[in-house]
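The data block below is upload.cif; it holds mmCIF, C-alpha atoms.
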data_start
loop_
_atom_site.label_atom_id
_atom_site.label_comp_id
_atom_site.auth_asym_id
_atom_site.auth_seq_id
_atom_site.Cartn_x
_atom_site.Cartn_y
_atom_site.Cartn_z
CA MET A 1 30.87 69.47 94.69
CA ALA A 2 34.30 69.01 96.26
CA VAL A 3 35.07 65.69 97.88
CA GLY A 4 37.36 65.82 100.90
CA THR A 5 39.75 63.03 101.73
CA ALA A 6 40.58 62.15 105.30
CA LEU A 7 44.15 61.72 106.40
CA VAL A 8 45.21 58.16 107.15
CA THR A 9 46.47 57.66 110.70
CA VAL A 10 49.31 55.35 111.70
CA GLU A 11 46.75 53.04 113.34
CA GLU A 12 44.84 52.75 110.04
CA PHE A 13 48.10 52.39 108.12
CA LEU A 14 49.13 49.42 110.27
CA ARG A 15 45.96 47.56 109.29
CA LEU A 16 46.82 47.62 105.56
CA GLN A 17 47.70 44.37 103.83
CA PRO A 18 51.25 44.46 102.41
CA PRO A 19 51.44 45.18 98.66
CA THR A 20 52.48 42.43 96.26
CA ALA A 21 55.55 44.47 95.23
CA GLY A 22 57.41 47.31 96.93
CA HIS A 23 56.25 48.72 100.26
CA TYR A 24 53.87 51.32 101.63
CA GLU A 25 54.92 54.47 103.43
CA LEU A 26 52.75 57.08 105.12
CA HIS A 27 53.64 60.66 104.19
CA HIS A 28 51.55 63.49 105.66
CA GLY A 29 48.60 61.13 106.07
CA GLU A 30 48.74 59.84 102.48
CA ILE A 31 49.61 56.25 101.61
CA ILE A 32 52.54 56.06 99.21
CA LEU A 33 53.46 52.88 97.32
CA ALA A 34 57.24 52.81 96.98
CA THR A 35 58.49 50.53 94.24
CA ALA A 36 61.14 47.93 94.94
CA PRO A 37 64.65 49.35 94.47
CA LYS A 38 66.57 48.40 91.35
CA TRP A 39 69.92 46.60 91.41
CA GLY A 40 72.13 49.71 91.22
CA HIS A 41 70.17 51.38 94.00
CA GLN A 42 70.60 48.28 96.19
CA ARG A 43 74.35 48.13 95.51
CA ILE A 44 74.74 51.73 96.67
CA GLN A 45 72.68 50.95 99.78
CA ASP A 46 74.85 47.89 100.53
CA ARG A 47 78.09 49.85 100.15
CA LEU A 48 76.93 52.71 102.34
CA ALA A 49 75.53 50.38 105.03
CA ALA A 50 78.78 48.38 105.11
CA LEU A 51 80.87 51.56 105.33
CA LEU A 52 78.75 53.00 108.13
CA ARG A 53 78.80 49.69 110.05
CA SER A 54 82.60 49.57 109.85
CA MET A 55 82.86 53.16 111.09
CA ALA A 56 80.25 52.86 113.85
CA GLY A 57 81.20 49.43 115.20
CA ASP A 58 78.92 48.44 118.06
CA ARG A 59 78.03 52.06 118.92
CA ALA A 60 75.24 52.19 116.33
CA TYR A 61 72.74 49.99 114.53
CA VAL A 62 72.86 50.38 110.74
CA THR A 63 70.44 48.81 108.29
CA LYS A 64 68.93 49.22 104.85
CA GLU A 65 65.24 50.11 104.58
CA MET A 66 65.07 51.33 108.20
CA SER A 67 61.43 52.00 109.12
CA PHE A 68 60.76 54.97 111.39
CA ARG A 69 58.12 57.48 112.44
CA PRO A 70 59.51 61.01 112.06
CA ALA A 71 56.32 62.42 113.61
CA PRO A 72 53.89 60.84 116.09
CA GLU A 73 50.98 60.65 113.65
CA PHE A 74 50.47 60.51 109.88
CA GLU A 75 54.08 59.49 109.14
CA VAL A 76 55.79 56.09 108.64
CA TRP A 77 58.87 56.25 106.42
CA GLU A 78 61.75 54.02 105.35
CA ALA A 79 65.28 55.30 105.03
CA ASP A 80 67.33 53.73 102.24
CA VAL A 81 70.03 53.39 104.90
CA GLY A 82 69.55 54.39 108.51
CA LEU A 83 71.87 54.65 111.50
CA THR A 84 70.70 54.98 115.09
CA LEU A 85 72.62 54.64 118.33
CA THR A 86 72.63 51.08 119.70
CA GLU A 87 71.12 52.20 123.01
CA ARG A 88 68.20 53.78 121.19
CA ALA A 89 67.78 50.82 118.82
CA ASN A 90 67.61 48.43 121.77
CA GLU A 91 64.63 50.37 123.17
CA VAL A 92 62.46 49.60 120.10
CA ALA A 93 60.31 46.46 120.35
CA ASP A 94 60.32 44.06 117.40
CA ASP A 95 56.72 44.95 116.50
CA GLU A 96 57.21 48.74 116.74
CA TYR A 97 58.80 51.49 114.65
CA LEU A 98 61.66 53.73 115.71
CA MET A 99 60.04 56.91 117.03
CA GLY A 100 61.54 60.03 115.56
CA ALA A 101 64.16 59.92 112.85
CA PRO A 102 67.35 57.86 113.00
CA GLU A 103 70.46 59.88 113.81
CA LEU A 104 71.50 59.48 110.17
CA VAL A 105 69.12 58.99 107.25
CA VAL A 106 70.57 58.23 103.83
CA GLU A 107 68.38 58.66 100.79
CA VAL A 108 69.95 57.16 97.66
CA LEU A 109 68.96 59.60 94.96
CA SER A 110 66.86 58.40 92.05
CA PRO A 111 65.92 60.27 88.87
CA SER A 112 62.40 60.74 90.26
CA ASN A 113 63.63 62.63 93.37
CA THR A 114 63.11 66.39 93.32
CA VAL A 115 65.12 69.00 95.20
CA ASP A 116 61.99 70.08 97.09
CA GLU A 117 61.15 66.49 98.08
CA ILE A 118 64.67 65.81 99.36
CA ASN A 119 64.88 69.11 101.22
CA GLU A 120 61.48 68.48 102.84
CA LYS A 121 62.59 65.00 103.96
CA MET A 122 65.80 66.44 105.34
CA SER A 123 63.99 69.20 107.26
CA ILE A 124 61.47 66.79 108.78
CA CYS A 125 64.16 64.29 109.76
CA MET A 126 66.41 66.95 111.30
CA ALA A 127 63.46 68.32 113.31
CA ALA A 128 62.55 64.78 114.44
CA VAL A 129 66.13 64.05 115.59
CA ARG A 130 66.29 67.37 117.46
CA SER A 131 62.94 66.70 119.11
CA HIS A 132 63.98 63.19 120.16
CA GLN A 133 67.34 64.37 121.50
CA ASN A 134 65.73 67.22 123.42
CA LYS A 135 63.32 64.79 125.11
CA ARG A 136 66.09 62.35 126.01
CA MET A 137 68.58 64.99 127.10
CA ALA A 138 66.24 67.42 128.87
CA PRO A 139 67.94 68.91 131.91
CA THR A 140 67.12 67.25 135.21
CA LYS A 141 68.32 67.72 138.76
CA GLU A 142 70.96 65.04 138.13
CA ARG A 143 71.80 66.34 134.63
CA PRO A 144 71.41 70.15 134.53
CA GLN A 145 73.28 70.71 131.26
CA PRO A 146 71.26 71.87 128.20
CA ALA A 147 70.38 69.45 125.39
CA PRO A 148 73.11 69.13 122.74
CA LYS A 149 72.57 70.63 119.30
CA VAL A 150 72.45 68.33 116.29
CA ARG A 151 75.59 68.73 114.22
CA MET A 152 76.61 66.88 111.10
CA PRO A 153 79.83 64.89 111.57
CA SER A 154 82.87 66.55 110.00
CA TRP A 155 83.18 63.70 107.49
CA VAL A 156 79.76 64.40 105.92
CA ASP A 157 79.64 66.99 103.17
CA CYS A 158 75.94 67.65 102.49
CA ARG A 159 75.47 69.63 99.35
CA TYR A 160 73.08 68.45 96.69
CA VAL A 161 73.05 70.08 93.28
CA PRO A 162 71.01 68.11 90.71
CA ASN A 163 72.97 67.28 87.55
CA GLY A 164 75.64 69.80 88.53
CA ALA A 165 73.22 72.69 88.00
CA PRO A 166 73.04 75.66 90.37
CA SER A 167 70.66 74.90 93.22
CA SER A 168 67.81 77.19 94.22
CA THR A 169 68.47 76.15 97.83
CA ASN A 170 72.03 77.52 98.08
CA GLY A 171 73.45 74.02 97.70
CA ARG A 172 71.83 72.67 100.87
CA GLY A 173 70.26 69.24 100.69
CA LEU A 174 71.09 65.59 100.99
CA CYS A 175 74.34 64.24 99.73
CA PRO A 176 74.66 62.56 96.35
CA PRO A 177 76.50 59.23 96.77
CA SER A 178 79.66 60.60 95.13
CA ARG A 179 79.98 63.29 97.85
CA MET A 180 78.44 61.42 100.76
CA LEU A 181 81.45 60.50 102.83
CA THR A 182 84.15 62.99 102.05
CA ARG A 183 86.10 64.85 104.70
CA ALA A 184 85.28 68.51 105.04
CA LYS A 185 88.10 70.73 103.81
CA PRO A 186 89.82 72.75 106.56
#
What does this structure look like when you write it as structure tokens?
Amino acid sequence: MAVGTALVTVEEFLRLQPPTAGHYELHHGEIILATAPKWGHQRIQDRLAALLRSMAGDRAYVTKEMSFRPAPEFEVWEADVGLTLTERANEVADDEYLMGAPELVVEVLSPSNTVDEINEKMSICMAAVRSHQNKRMAPTKERPQPAPKVRMPSWVDCRYVPNGAPSSTNGRGLCPPSRMLTRAKP
């Protein structure tokens, strides 16, 4: 006899007691226990957050372990480093999550990450940012222009090839830290 498991909703997720170590995330209705990051992982997060803060100034809010909801239900994630526009960050109450994905999500790669996992996260986050921008920038009588398309800044080179091996995804994916903030070649 097969036993079905029900998906956990965000409402149910919010009632969980915090774990003694690490943190919980909600991925596709499943509760995931994420372990606490190790020292090297945290150093990379600190460096990237500091660099992004210096580049963004007061135009954006940058933090490590940014919690967000890339989809309205069944999803609560944390970005290793997240950047969202200050205006948008100011709209989020202290006891809420950012709805949709931050404008920039940085995942510091770990040996346990797979190409499929990273590409799925990237696809969901890009769709969430597009959806959020389309809602905020929908044409109105006062603003008839179409919603802008999401484009990666010219200084982000996003190709991920694990261990230098050829990628089955044509080199598309999240950026390894060594290639994260390099200027695109003309």
- Message: When the PyMOL selection byres ((chain A and resi 50-52) around 10) is applied to the structure above, which residues does it catch, written out as an NGL selection string?
- Response: :A and (44-49 or 53-57 or 60-64 or 81-83 or 104 or 181)
- Task: Could you tell me which residues the PyMOL selection byres ((chain A and resi 67) around 12) returns for this structure, as a ChimeraX atom specification?
- Result: /A:23-26,62-66,68-70,75-84,89,92,94-102,105
- Message: Can you translate the PyMOL selection byres ((chain A and resi 73) around 8) into the concrete residues it hits in this file, as a list of chain:residue names?
- Response: A:Thr9, A:Val10, A:Gly29, A:Arg69, A:Ala71, A:Pro72, A:Phe74, A:Glu75
- Measure the distance from atom CA of Cys125 of chain A to atom CA of His27 of chain A in Å and round it to one decimal. 12.4 Å
- Message: I'd like the interatomic distance between atom CA of Asn113 of chain A and atom CA of Val129 of chain A, to a tenth of an Å.
- Response: 22.4 Å
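If you look at atom CA of Val108 of chain A and atom CA of Gly40 of chain A, they are 10.1 Å away from each other.
Proximity to Ala34 of chain A was assessed for A:Met126, A:Leu14, A:Ala6, A:Ala21 counting all atoms listed in the file; the smallest distance is recorded for A:Ala21.
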- Would you kindly return, as a list of chain:residue names, each protein, DNA or RNA residue with an atom no farther than 10 Å from any atom of Asp58 of chain A, considering only C-alpha atoms and excluding same-chain residues fewer than 5 positions away? A:Arg53, A:Leu85, A:Thr86, A:Glu87
